[in-house]
Each structure stands twice: as structure tokens, then as C-alpha cells.
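Here is the file protein12.txt (compact mmCIF, C-alpha atoms).
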```txt
# COMPACT_ATOMS: atom_id res chain seq x y z
CA MET A 88 0.00 0.00 0.00
CA ASP A 89 1.33 3.45 -0.90
CA ASP A 90 1.93 6.10 1.75
CA PHE A 91 -1.27 8.11 2.28
CA TYR A 92 0.64 11.23 3.35
CA ILE A 93 3.36 11.62 0.73
CA ASN A 94 4.23 10.15 -2.67
CA GLN A 95 7.66 9.42 -4.15
CA LYS A 96 7.93 12.88 -5.71
CA GLY A 97 7.13 14.54 -2.40
CA LEU A 98 9.81 12.42 -0.75
CA ALA A 99 12.30 13.58 -3.38
CA ALA A 100 11.41 17.22 -2.69
CA TYR A 101 12.09 16.72 1.02
CA PHE A 102 15.45 15.06 0.33
CA GLU A 103 16.44 18.00 -1.87
CA MET A 104 15.47 20.78 0.50
CA GLN A 105 16.61 19.12 3.74
CA TRP A 106 19.79 17.23 2.87
CA LEU A 107 21.39 18.23 -0.44
CA ASP A 108 23.54 21.00 1.01
CA LYS A 109 24.72 18.76 3.86
CA LEU A 110 25.72 16.00 1.45
CA ARG A 111 27.72 18.52 -0.57
CA GLU A 112 29.42 19.64 2.65
CA ASN A 113 30.21 15.98 3.37
CA GLY A 114 31.87 15.55 -0.02
CA VAL A 115 29.07 13.96 -2.07
CA THR A 116 29.59 15.15 -5.65
CA GLU A 117 26.92 13.27 -7.65
CA GLN A 118 25.18 15.68 -9.98
CA LEU A 119 21.40 15.94 -10.08
CA ASP A 120 20.45 15.32 -13.69
CA SER A 121 17.76 17.42 -15.30
CA LYS A 122 15.58 16.93 -18.34
CA SER A 123 16.38 20.52 -19.27
CA LYS A 124 19.70 22.34 -18.89
CA ARG A 125 21.38 21.50 -15.57
CA VAL A 126 19.85 23.28 -12.58
CA PRO A 127 22.26 24.71 -9.95
CA ASP A 128 22.19 23.35 -6.41
CA SER A 129 21.34 26.82 -5.08
CA PHE A 130 17.90 26.55 -6.70
CA ILE A 131 17.30 23.02 -5.42
CA SER A 132 18.37 23.12 -1.78
CA SER A 133 16.87 25.17 1.06
CA ALA A 134 18.29 26.74 4.21
CA HIS A 135 14.95 26.64 6.03
CA SER A 136 15.83 23.90 8.53
CA GLN A 137 19.15 25.53 9.40
CA ASN A 138 17.54 28.97 9.81
CA VAL A 139 14.78 27.65 12.07
CA ALA A 140 17.28 25.65 14.13
CA ARG A 141 19.32 28.83 14.59
CA PHE A 142 16.16 30.66 15.70
CA ILE A 143 15.44 27.92 18.25
CA ILE A 144 19.01 27.89 19.55
CA ASN A 145 18.97 31.68 19.99
CA ALA A 146 15.61 31.58 21.80
CA LEU A 147 16.93 28.92 24.18
CA GLY A 148 20.15 30.83 24.73
CA CYS A 149 18.37 34.04 25.69
CA GLU A 150 16.71 32.18 28.58
CA ASN A 151 19.74 30.00 29.42
CA ILE A 152 17.64 26.91 28.73
CA SER A 153 19.48 23.65 28.09
CA PRO A 154 16.85 21.10 27.03
CA LYS A 155 17.48 17.41 27.57
CA THR A 156 14.27 16.02 26.11
CA VAL A 157 12.81 17.06 22.75
CA ILE A 158 9.69 16.13 20.82
CA GLU A 159 9.26 17.11 17.17
CA ILE A 160 5.95 16.75 15.39
CA GLY A 161 6.22 16.26 11.63
CA PRO A 162 10.03 16.14 11.39
CA ALA A 163 9.99 14.95 7.75
CA LEU A 164 13.55 13.69 7.08
CA GLY A 165 15.05 15.06 10.27
CA ARG A 166 17.28 17.96 9.26
CA ASN A 167 15.97 20.23 12.01
CA SER A 168 16.49 17.46 14.58
CA TYR A 169 20.03 16.95 13.29
CA GLU A 170 20.87 20.66 13.51
CA LEU A 171 19.63 20.88 17.09
CA ILE A 172 21.45 17.72 18.17
CA SER A 173 24.63 19.06 16.53
CA ASN A 174 24.46 22.42 18.31
CA VAL A 175 22.71 21.80 21.64
CA PRO A 176 24.88 19.35 23.61
CA SER A 177 22.38 18.97 26.45
CA ILE A 178 19.90 17.08 24.21
CA ASN A 179 19.96 13.36 25.01
CA SER A 180 16.44 12.22 24.07
CA VAL A 181 14.41 12.96 20.94
CA THR A 182 10.88 11.73 20.26
CA VAL A 183 9.55 12.21 16.74
CA VAL A 184 5.92 11.85 15.74
CA GLU A 185 5.42 11.49 11.99
CA PRO A 186 2.34 9.98 10.27
CA SER A 187 4.18 9.22 7.02
CA GLN A 188 5.85 5.80 6.98
CA ARG A 189 7.86 6.89 3.95
CA LEU A 190 9.32 9.88 5.76
CA LEU A 191 9.81 8.14 9.11
CA SER A 192 11.62 5.13 7.65
CA ASN A 193 14.08 7.42 5.86
CA PHE A 194 14.50 9.53 9.02
CA LYS A 195 15.60 6.32 10.75
CA LYS A 196 18.02 5.35 7.99
CA ILE A 197 19.69 8.78 7.98
CA LEU A 198 19.86 9.78 11.66
CA ILE A 199 19.86 6.44 13.48
CA ASP A 200 21.01 3.56 11.29
CA GLY A 201 23.74 5.44 9.42
CA ALA A 202 22.90 3.25 6.46
CA LYS A 203 23.42 3.45 2.75
CA CYS A 204 20.48 5.57 1.62
CA ASN A 205 18.83 6.26 -1.69
CA PHE A 206 18.59 9.99 -2.49
CA PRO A 207 15.67 10.55 -4.90
CA TYR A 208 15.49 13.86 -6.72
CA ILE A 209 13.27 15.61 -9.24
CA LYS A 210 14.57 15.21 -12.77
CA SER A 211 11.49 16.60 -14.54
CA LEU A 212 7.77 17.01 -13.95
CA ASP A 213 7.16 13.28 -14.35
CA GLU A 214 10.58 11.70 -13.79
CA LEU A 215 12.80 11.15 -10.76
CA GLY A 216 16.51 10.48 -10.58
CA ASN A 217 18.42 8.97 -7.67
CA PHE A 218 21.83 8.22 -6.25
CA GLU A 219 23.12 6.41 -3.17
CA PHE A 220 24.87 8.08 -0.24
CA ASP A 221 26.39 6.98 3.05
CA SER A 222 24.65 8.55 6.07
CA SER A 223 27.08 7.18 8.68
CA SER A 224 28.69 10.57 9.37
CA ILE A 225 25.24 12.07 10.07
CA ALA A 226 24.18 9.22 12.36
CA GLU A 227 27.50 9.41 14.21
CA ILE A 228 26.66 12.97 15.32
CA CYS A 229 23.35 11.67 16.71
CA ALA A 230 24.68 8.47 18.28
CA HIS A 231 24.49 9.74 21.88
CA VAL A 232 20.76 10.50 21.57
CA ASP A 233 17.99 8.10 22.58
CA PHE A 234 15.38 8.22 19.78
CA THR A 235 11.73 7.25 20.00
CA LEU A 236 9.90 7.05 16.66
CA ILE A 237 6.10 7.17 16.58
CA GLU A 238 4.26 6.67 13.30
CA ALA A 239 0.97 8.49 13.91
CA PRO A 240 -0.76 11.86 13.62
CA PHE A 241 -0.18 13.83 16.82
CA SER A 242 -2.98 14.39 19.32
CA HIS A 243 -3.68 14.10 23.05
CA GLY A 244 -2.62 10.70 24.32
CA VAL A 245 0.00 9.93 21.67
CA VAL A 246 2.71 10.65 24.26
CA ASP A 247 2.48 10.61 28.06
CA ASP A 248 5.74 12.40 28.86
CA HIS A 249 6.38 16.13 29.06
CA PHE A 250 9.30 17.59 27.13
CA ASP A 251 11.77 20.42 27.64
CA LEU A 252 11.47 21.42 23.99
CA THR A 253 8.42 20.86 21.76
CA ILE A 254 8.65 21.60 18.03
CA CYS A 255 5.99 21.64 15.32
CA LEU A 256 6.97 23.26 12.04
CA ASN A 257 4.56 23.98 9.17
CA VAL A 258 2.05 21.31 10.16
CA LEU A 259 -0.84 23.40 11.50
CA ASP A 260 -2.40 24.28 8.15
CA GLN A 261 -2.22 20.63 7.05
CA CYS A 262 -4.33 19.16 9.85
CA GLU A 263 -8.02 18.83 10.69
CA SER A 264 -7.95 20.73 13.98
CA PRO A 265 -5.07 23.20 14.42
CA LYS A 266 -6.50 24.35 17.75
CA GLY A 267 -6.62 20.76 18.97
CA LEU A 268 -3.07 20.17 17.79
CA VAL A 269 -1.78 23.28 19.59
CA GLU A 270 -3.50 22.23 22.82
CA ALA A 271 -1.86 18.81 22.56
CA LEU A 272 1.52 20.45 21.95
CA LYS A 273 1.05 22.71 24.98
CA ASN A 274 0.15 19.71 27.11
CA ALA A 275 3.28 17.85 25.97
CA THR A 276 5.54 20.77 26.98
CA ALA A 277 7.02 20.64 30.48
CA LEU A 278 6.71 23.54 32.90
CA ASN A 279 9.47 26.04 32.01
CA GLY A 280 9.84 24.22 28.70
CA VAL A 281 9.72 25.85 25.27
CA LEU A 282 7.23 25.34 22.45
CA ILE A 283 8.29 26.22 18.89
CA LEU A 284 5.43 26.61 16.42
CA SER A 285 5.43 27.71 12.79
CA CYS A 286 2.86 28.10 10.03
CA THR A 287 2.64 29.27 6.41
CA TYR A 288 -1.10 30.05 6.76
CA GLN A 289 -2.07 27.99 3.73
CA TRP A 290 -5.39 26.94 5.26
CA SER A 291 -7.37 24.51 3.13
CA LYS A 292 -10.87 23.07 3.40
CA LYS A 293 -9.27 19.80 2.28
CA HIS A 294 -7.88 19.47 5.81
CA LEU A 295 -9.64 21.98 8.07
CA LYS A 296 -12.82 20.80 9.80
CA VAL A 297 -13.74 24.03 11.64
CA ASP A 298 -13.07 27.26 9.74
CA SER A 299 -12.82 29.36 12.91
CA GLU A 300 -9.70 27.45 13.99
CA ALA A 301 -7.74 29.01 11.12
CA VAL A 302 -6.03 32.08 12.56
CA ASP A 303 -4.09 34.83 10.81
CA ASP A 304 -1.52 34.98 13.63
CA ILE A 305 -0.41 31.87 15.54
CA ASN A 306 0.34 34.07 18.55
CA ASP A 307 -3.44 34.00 19.06
CA TYR A 308 -3.18 30.36 20.17
CA PHE A 309 -1.24 31.42 23.28
CA GLY A 310 -2.54 33.13 26.42
CA ASP A 311 -2.15 32.87 30.17
CA GLY A 312 0.66 30.65 31.30
CA TRP A 313 2.84 31.32 28.27
CA VAL A 314 5.39 34.05 27.55
CA GLN A 315 6.75 34.79 24.10
CA LEU A 316 10.51 34.49 23.72
CA SER A 317 10.89 35.34 20.05
CA GLU A 318 9.30 35.27 16.59
CA ASP A 319 10.57 35.44 13.03
CA GLU A 320 9.72 34.87 9.36
CA ASN A 321 11.60 32.32 7.24
CA GLU A 322 11.39 31.39 3.58
CA TYR A 323 10.29 27.81 2.91
CA LYS A 324 10.92 26.51 -0.61
CA VAL A 325 9.65 23.29 -2.20
CA ARG A 326 10.62 22.18 -5.74
CA PHE A 327 7.89 20.67 -7.94
CA ASN A 328 9.75 20.17 -11.20
CA GLU A 329 13.29 20.86 -12.32
CA ARG A 330 12.73 24.61 -12.86
CA TYR A 331 9.68 25.37 -10.75
CA SER A 332 9.46 25.81 -6.98
CA LEU A 333 6.88 27.18 -4.58
CA LEU A 334 8.20 29.71 -2.08
CA PHE A 335 6.30 30.13 1.18
CA LEU A 336 6.89 32.49 4.09
CA SER A 337 6.80 30.60 7.37
CA HIS A 338 5.99 32.45 10.60
CA VAL A 339 7.75 30.91 13.60
CA VAL A 340 7.25 31.69 17.29
CA ALA A 341 8.92 30.53 20.49
CA TYR A 342 7.00 30.44 23.79
CA LYS A 343 8.01 29.43 27.31
CA LYS A 344 5.50 27.61 29.52
CA ILE A 345 5.40 29.39 32.87
CA GLY A 346 2.09 28.09 34.23
CA VAL A 347 -1.01 30.08 35.13
CA LEU A 348 -0.24 32.89 37.57
```

Target encoding C-alpha cells, full file:
Amino acid sequence: MDDFYINQKGLAAYFEMQWLDKLRENGVTEQLDSKSKRVPDSFISSAHSQNVARFIINALGCENISPKTVIEIGPALGRNSYELISNVPSINSVTVVEPSQRLLSNFKKILIDGAKCNFPYIKSLDELGNFEFDSSSIAEICAHVDFTLIEAPFSHGVVDDHFDLTICLNVLDQCESPKGLVEALKNATALNGVLILSCTYQWSKKHLKVDSEAVDDINDYFGDGWVQLSEDENEYKVRFNERYSLLFLSHVVAYKKIGVL
């Protein structure tokens, strides 16, 4: 049975935007073929994960917070998790909740198994290319972390623990109840923990069950018991064929859970 959440082309787009630049940094030189004239890497890859990780690290640093336990909802192929593990030495436990088996299985191969991985990429509108790469150097960076992988949509009851750092990036406008998701995220965040939330505001009746839950500012989801640490806007680019990408603007906020006064 095919993955309900993402097809092979969508998987290729995530590989491109989350890992191409890192593979180049690690010495992988395989060229991404194109049906048209060769497309430069700068058009294919994205710095979104790195930029958001930097935002998170800065927000934590301003409050002198050193999280040990992290939960990320919708991590895709794990680049944000990798950047945080690489730069926040206190992290020793990461729980990821991802409904896509296709994404979660590749997350495991890259960050945990350190296996030989297939890198699919978009060659044209209807054709994919691929090459193989060794993810052992990536997994080695993450080897000290205890991972828990949960293949499911996130809601109340999916996890029982409370986490020092809770992350949910660009998932809200792709779910049935964004308000319900935010409440579950708040509940999963420990007292004095930090919740990172982002959204591109691409609300769609395809997903949304209650129109009133679609907000024009995700700050509106927070109230008593939460204090804002920071907010920012980051470009979020997804390639659909070799010379066509969609560019979104993702609004990201960081809040600390202080409890009701």
C-alpha cells in the first residue's frame, strides 16, 4: 500500500530541501540530472531547517535553557532534529511523531542507522533520478541520543511524557484541527519548557474541519501561562519540477510555559 501522506515525488522534494547542502558539505559530488539544462544546487536546496534551528538555539540561549528532552511533530527527514542535536549538547532524548511511513523510515536510515540511503530527486515534472549516499557521518553525530519514533498523527494521548522542547513546524495548516493540535503540543511541553510553532497560513478546506480554527496569527493560540521568547519569518521553498518551486513564508514563534499565575 502506498503512503497516504506523501508520494515518491514529495519524498524527493524533502530530500532535496533538507539534505542536499549537507551532502555537498560531506563531499558527495553526484550531480542531479535534469531533463532541461542542468539546474544549480542553489535553486534546489533550502536553508529553512538551518535557519529555524538557529532561531530555536537563539531563543533557548536568551533564557539560558538547556533542554534534555525534545519532541518534534512532523520532522519529515530530520534535518531540524540533526541541527539541534549538533548544536545543543544537552539534548539526550528525541521523540519524533510522523504519520508518514515513507518519511519516518528514511529519518531512521539517515539519523539512526547510518545506512546506505537512496537519495531521490526531481529530474522533470514526471521523472525522478536517484543516487546512493552513506549517512554514517550524520548518524554518528546523533549516536548519543535516545530516539523514539512514533508513526501516527499527533494528538492528546500519543505521548504521556512532558518535554523540555516541543517543536511543530509547518504542520498546523495541514491538519483537521489546528486548535486541537496546539492544545496537545502545549500539554506535551514541560513547565518552564519551550514550544516552537510555525505556520505558512495555507489553510485549506481539504484538511480543516472548523473554519474558525484558522487564525491569521499563531500568537493568538497562546494566552495565560505562556510568555513569548521570540518570533521570526523564514522562507520555505519546495521544488515541484526541475525549474519550478513554490516559495512560502513561514511564521515561527517561540513560547516558554510558565504556568497560570

Query raised in the report: Skipping near chain neighbours, those fewer than 2 positions away, what residues fall within 7 Å of stretch 119-133 of chain A using all atoms listed in the file, listed as a VMD selection string?
Result: chain A and resid 103 to 105 107 to 108 117 135 210 to 211 216 324 326 329

Report task. Rank nothing, just name the residue among A:Gln137, A:Ser337, A:Ser222, A:Asn306 nearest to A:Tyr323, using only C-alpha atoms. Result ->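 That would be A:Ser337, the residue with the smallest distance to A:Tyr323.
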
Report task. Within 10 Å of (11.6, 9.2, 8.4) (coordinates as in the file), grab all the protein and nucleic acid residues, counting only C-alpha atoms, and write them out as a list of chain:residue names. Result ->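 With a cut-off of 10 Å, the residues come to A:Leu98, A:Gly161, A:Pro162, A:Ala163, A:Leu164, A:Gly165, A:Val183, A:Val184, A:Glu185, A:Pro186, A:Ser187, A:Gln188, A:Arg189, A:Leu190, A:Leu191, A:Ser192, A:Asn193, A:Phe194, A:Lys195, A:Lys196, A:Ile197, A:Leu198, A:Leu236, A:Glu238.
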
Query raised in the report: Skipping near chain neighbours, those fewer than 5 positions away, what residues fall within 9 Å of A:Glu214 using all atoms listed in the file, listed as a list of chain:residue names?
Result: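 So the residues in contact are A:Lys96, A:Lys122, A:Tyr208, A:Ile209, A:Asn328.
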
Query raised in the report: Once you count only C-alpha atoms, which residues end up no further than 10 Å from (6.1, 33.1, -0.5) in the file's frame, shown as a list in words?
Result: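 Every polymer residue passing the test: Thr287, Asn321, Glu322, Tyr323, Lys324, Leu333, Leu334, Phe335, Leu336 and Ser337 of chain A.
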
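When atom CA of A:Ser177 is paired with atom CA of A:Leu316, their separation reads 19.7 Å.
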
Report task. Please identify all polymer residues within 10 Å of A:Ser153, counting all atoms listed in the file, omitting same-chain residues fewer than 6 positions from it, and present them as a ChimeraX atom specification. Result -> /A:144,147,175-178,251-252,280

Report task. Could you jot down the atom CA of A:Glu112 to atom CA of A:Ala202 separation for me, Å, one decimal place? Result ->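 If I compute the distance from atom CA of A:Glu112 to atom CA of A:Ala202, I get 18.0 Å.
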
Closest contacts (stretch 131-220 of chain A/stretch 228-234 of chain A, max 10 Å, only C-alpha atoms) as JSON lines:
```
{"residue": "A:Lys155", "atom": "CA", "partner": "A:Val232", "partner_atom": "CA", "distance": 9.7}
{"residue": "A:Thr156", "atom": "CA", "partner": "A:Asp233", "partner_atom": "CA", "distance": 9.4}
{"residue": "A:Val157", "atom": "CA", "partner": "A:Phe234", "partner_atom": "CA", "distance": 9.7}
{"residue": "A:Ile158", "atom": "CA", "partner": "A:Phe234", "partner_atom": "CA", "distance": 9.8}
{"residue": "A:Ser168", "atom": "CA", "partner": "A:Cys229", "partner_atom": "CA", "distance": 9.2}
{"residue": "A:Tyr169", "atom": "CA", "partner": "A:Cys229", "partner_atom": "CA", "distance": 7.1}
{"residue": "A:Glu170", "atom": "CA", "partner": "A:Ile228", "partner_atom": "CA", "distance": 9.8}
{"residue": "A:Leu171", "atom": "CA", "partner": "A:Cys229", "partner_atom": "CA", "distance": 9.9}
{"residue": "A:Ile172", "atom": "CA", "partner": "A:Cys229", "partner_atom": "CA", "distance": 6.5}
{"residue": "A:Ser173", "atom": "CA", "partner": "A:Ile228", "partner_atom": "CA", "distance": 6.5}
{"residue": "A:Pro176", "atom": "CA", "partner": "A:His231", "partner_atom": "CA", "distance": 9.8}
{"residue": "A:Ser177", "atom": "CA", "partner": "A:Val232", "partner_atom": "CA", "distance": 9.9}
{"residue": "A:Ile178", "atom": "CA", "partner": "A:Val232", "partner_atom": "CA", "distance": 7.1}
{"residue": "A:Asn179", "atom": "CA", "partner": "A:Val232", "partner_atom": "CA", "distance": 4.5}
{"residue": "A:Ser180", "atom": "CA", "partner": "A:Asp233", "partner_atom": "CA", "distance": 4.6}
{"residue": "A:Val181", "atom": "CA", "partner": "A:Phe234", "partner_atom": "CA", "distance": 5.0}
{"residue": "A:Thr182", "atom": "CA", "partner": "A:Phe234", "partner_atom": "CA", "distance": 5.7}
{"residue": "A:Val183", "atom": "CA", "partner": "A:Phe234", "partner_atom": "CA", "distance": 7.7}
{"residue": "A:Lys195", "atom": "CA", "partner": "A:Phe234", "partner_atom": "CA", "distance": 9.2}
{"residue": "A:Ile197", "atom": "CA", "partner": "A:Cys229", "partner_atom": "CA", "distance": 9.9}
{"residue": "A:Leu198", "atom": "CA", "partner": "A:Cys229", "partner_atom": "CA", "distance": 6.4}
{"residue": "A:Ile199", "atom": "CA", "partner": "A:Cys229", "partner_atom": "CA", "distance": 7.1}
{"residue": "A:Asp200", "atom": "CA", "partner": "A:Ala230", "partner_atom": "CA", "distance": 9.3}
{"residue": "A:Gly201", "atom": "CA", "partner": "A:Ala230", "partner_atom": "CA", "distance": 9.4}
```

Query - For A:Leu278: contacts at 7 Å, only C-alpha atoms, fewer than 2 positions along chain excluded, given as a list in words - result: Thr276, Gly280, Lys344, Ile345 and Gly346 of chain A

Completion of stretch 172-183 of chain A up to all heavy atoms, as a PDB file, in the frame of the given file:
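Once everything was written out, this is part_35.pdb:
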```
ATOM      1  N   ILE A 172      20.564  18.671  17.505  1.00  0.00           N
ATOM      2  CA  ILE A 172      21.450  17.720  18.170  1.00  0.00           C
ATOM      3  C   ILE A 172      22.911  18.134  17.999  1.00  0.00           C
ATOM      4  O   ILE A 172      23.718  18.026  18.928  1.00  0.00           O
ATOM      5  CB  ILE A 172      21.218  16.299  17.619  1.00  0.00           C
ATOM      6  CG1 ILE A 172      19.840  15.779  18.051  1.00  0.00           C
ATOM      7  CG2 ILE A 172      22.315  15.339  18.078  1.00  0.00           C
ATOM      8  CD1 ILE A 172      19.395  14.531  17.314  1.00  0.00           C
ATOM      9  N   SER A 173      23.250  18.642  16.821  1.00  0.00           N
ATOM     10  CA  SER A 173      24.630  19.060  16.530  1.00  0.00           C
ATOM     11  C   SER A 173      25.059  20.264  17.348  1.00  0.00           C
ATOM     12  O   SER A 173      26.250  20.423  17.649  1.00  0.00           O
ATOM     13  CB  SER A 173      24.777  19.394  15.045  1.00  0.00           C
ATOM     14  OG  SER A 173      24.473  18.294  14.227  1.00  0.00           O
ATOM     15  N   ASN A 174      24.111  21.124  17.709  1.00  0.00           N
ATOM     16  CA  ASN A 174      24.460  22.420  18.310  1.00  0.00           C
ATOM     17  C   ASN A 174      23.985  22.625  19.734  1.00  0.00           C
ATOM     18  O   ASN A 174      24.336  23.633  20.349  1.00  0.00           O
ATOM     19  CB  ASN A 174      23.894  23.539  17.429  1.00  0.00           C
ATOM     20  CG  ASN A 174      24.565  23.628  16.072  1.00  0.00           C
ATOM     21  OD1 ASN A 174      25.682  24.129  15.966  1.00  0.00           O
ATOM     22  ND2 ASN A 174      23.900  23.125  15.041  1.00  0.00           N
ATOM     23  N   VAL A 175      23.180  21.694  20.254  1.00  0.00           N
ATOM     24  CA  VAL A 175      22.710  21.800  21.640  1.00  0.00           C
ATOM     25  C   VAL A 175      23.149  20.542  22.383  1.00  0.00           C
ATOM     26  O   VAL A 175      22.449  19.522  22.368  1.00  0.00           O
ATOM     27  CB  VAL A 175      21.173  21.965  21.697  1.00  0.00           C
ATOM     28  CG1 VAL A 175      20.715  22.164  23.150  1.00  0.00           C
ATOM     29  CG2 VAL A 175      20.709  23.131  20.826  1.00  0.00           C
ATOM     30  N   PRO A 176      24.307  20.567  23.032  1.00  0.00           N
ATOM     31  CA  PRO A 176      24.880  19.350  23.610  1.00  0.00           C
ATOM     32  C   PRO A 176      24.068  18.749  24.750  1.00  0.00           C
ATOM     33  O   PRO A 176      24.266  17.570  25.087  1.00  0.00           O
ATOM     34  CB  PRO A 176      26.262  19.805  24.101  1.00  0.00           C
ATOM     35  CG  PRO A 176      26.189  21.296  24.178  1.00  0.00           C
ATOM     36  CD  PRO A 176      25.227  21.716  23.138  1.00  0.00           C
ATOM     37  N   SER A 177      23.167  19.501  25.340  1.00  0.00           N
ATOM     38  CA  SER A 177      22.380  18.970  26.450  1.00  0.00           C
ATOM     39  C   SER A 177      21.326  17.958  25.993  1.00  0.00           C
ATOM     40  O   SER A 177      20.838  17.150  26.799  1.00  0.00           O
ATOM     41  CB  SER A 177      21.671  20.111  27.198  1.00  0.00           C
ATOM     42  OG  SER A 177      20.803  20.820  26.321  1.00  0.00           O
ATOM     43  N   ILE A 178      20.958  17.967  24.710  1.00  0.00           N
ATOM     44  CA  ILE A 178      19.900  17.080  24.210  1.00  0.00           C
ATOM     45  C   ILE A 178      20.366  15.624  24.255  1.00  0.00           C
ATOM     46  O   ILE A 178      21.395  15.269  23.677  1.00  0.00           O
ATOM     47  CB  ILE A 178      19.498  17.456  22.775  1.00  0.00           C
ATOM     48  CG1 ILE A 178      18.846  18.850  22.750  1.00  0.00           C
ATOM     49  CG2 ILE A 178      18.530  16.425  22.184  1.00  0.00           C
ATOM     50  CD1 ILE A 178      18.550  19.365  21.348  1.00  0.00           C
ATOM     51  N   ASN A 179      19.608  14.786  24.958  1.00  0.00           N
ATOM     52  CA  ASN A 179      19.960  13.360  25.010  1.00  0.00           C
ATOM     53  C   ASN A 179      18.783  12.442  24.659  1.00  0.00           C
ATOM     54  O   ASN A 179      18.942  11.214  24.625  1.00  0.00           O
ATOM     55  CB  ASN A 179      20.526  12.981  26.382  1.00  0.00           C
ATOM     56  CG  ASN A 179      19.566  13.277  27.530  1.00  0.00           C
ATOM     57  OD1 ASN A 179      18.350  13.226  27.372  1.00  0.00           O
ATOM     58  ND2 ASN A 179      20.126  13.599  28.694  1.00  0.00           N
ATOM     59  N   SER A 180      17.616  13.019  24.418  1.00  0.00           N
ATOM     60  CA  SER A 180      16.440  12.220  24.070  1.00  0.00           C
ATOM     61  C   SER A 180      15.574  12.980  23.083  1.00  0.00           C
ATOM     62  O   SER A 180      15.221  14.139  23.338  1.00  0.00           O
ATOM     63  CB  SER A 180      15.635  11.901  25.345  1.00  0.00           C
ATOM     64  OG  SER A 180      14.425  11.248  25.019  1.00  0.00           O
ATOM     65  N   VAL A 181      15.251  12.337  21.969  1.00  0.00           N
ATOM     66  CA  VAL A 181      14.410  12.960  20.940  1.00  0.00           C
ATOM     67  C   VAL A 181      13.286  11.999  20.575  1.00  0.00           C
ATOM     68  O   VAL A 181      13.533  10.854  20.179  1.00  0.00           O
ATOM     69  CB  VAL A 181      15.216  13.316  19.683  1.00  0.00           C
ATOM     70  CG1 VAL A 181      14.287  13.822  18.575  1.00  0.00           C
ATOM     71  CG2 VAL A 181      16.267  14.380  19.998  1.00  0.00           C
ATOM     72  N   THR A 182      12.064  12.465  20.708  1.00  0.00           N
ATOM     73  CA  THR A 182      10.880  11.730  20.260  1.00  0.00           C
ATOM     74  C   THR A 182      10.354  12.414  19.008  1.00  0.00           C
ATOM     75  O   THR A 182      10.203  13.640  18.997  1.00  0.00           O
ATOM     76  CB  THR A 182       9.790  11.720  21.344  1.00  0.00           C
ATOM     77  OG1 THR A 182      10.274  11.024  22.486  1.00  0.00           O
ATOM     78  CG2 THR A 182       8.520  11.042  20.838  1.00  0.00           C
ATOM     79  N   VAL A 183      10.123  11.645  17.964  1.00  0.00           N
ATOM     80  CA  VAL A 183       9.550  12.210  16.740  1.00  0.00           C
ATOM     81  C   VAL A 183       8.230  11.529  16.450  1.00  0.00           C
ATOM     82  O   VAL A 183       8.090  10.312  16.590  1.00  0.00           O
ATOM     83  CB  VAL A 183      10.514  12.098  15.533  1.00  0.00           C
ATOM     84  CG1 VAL A 183      11.776  12.905  15.772  1.00  0.00           C
ATOM     85  CG2 VAL A 183      10.868  10.652  15.227  1.00  0.00           C
TER      86      VAL A 183
END
```
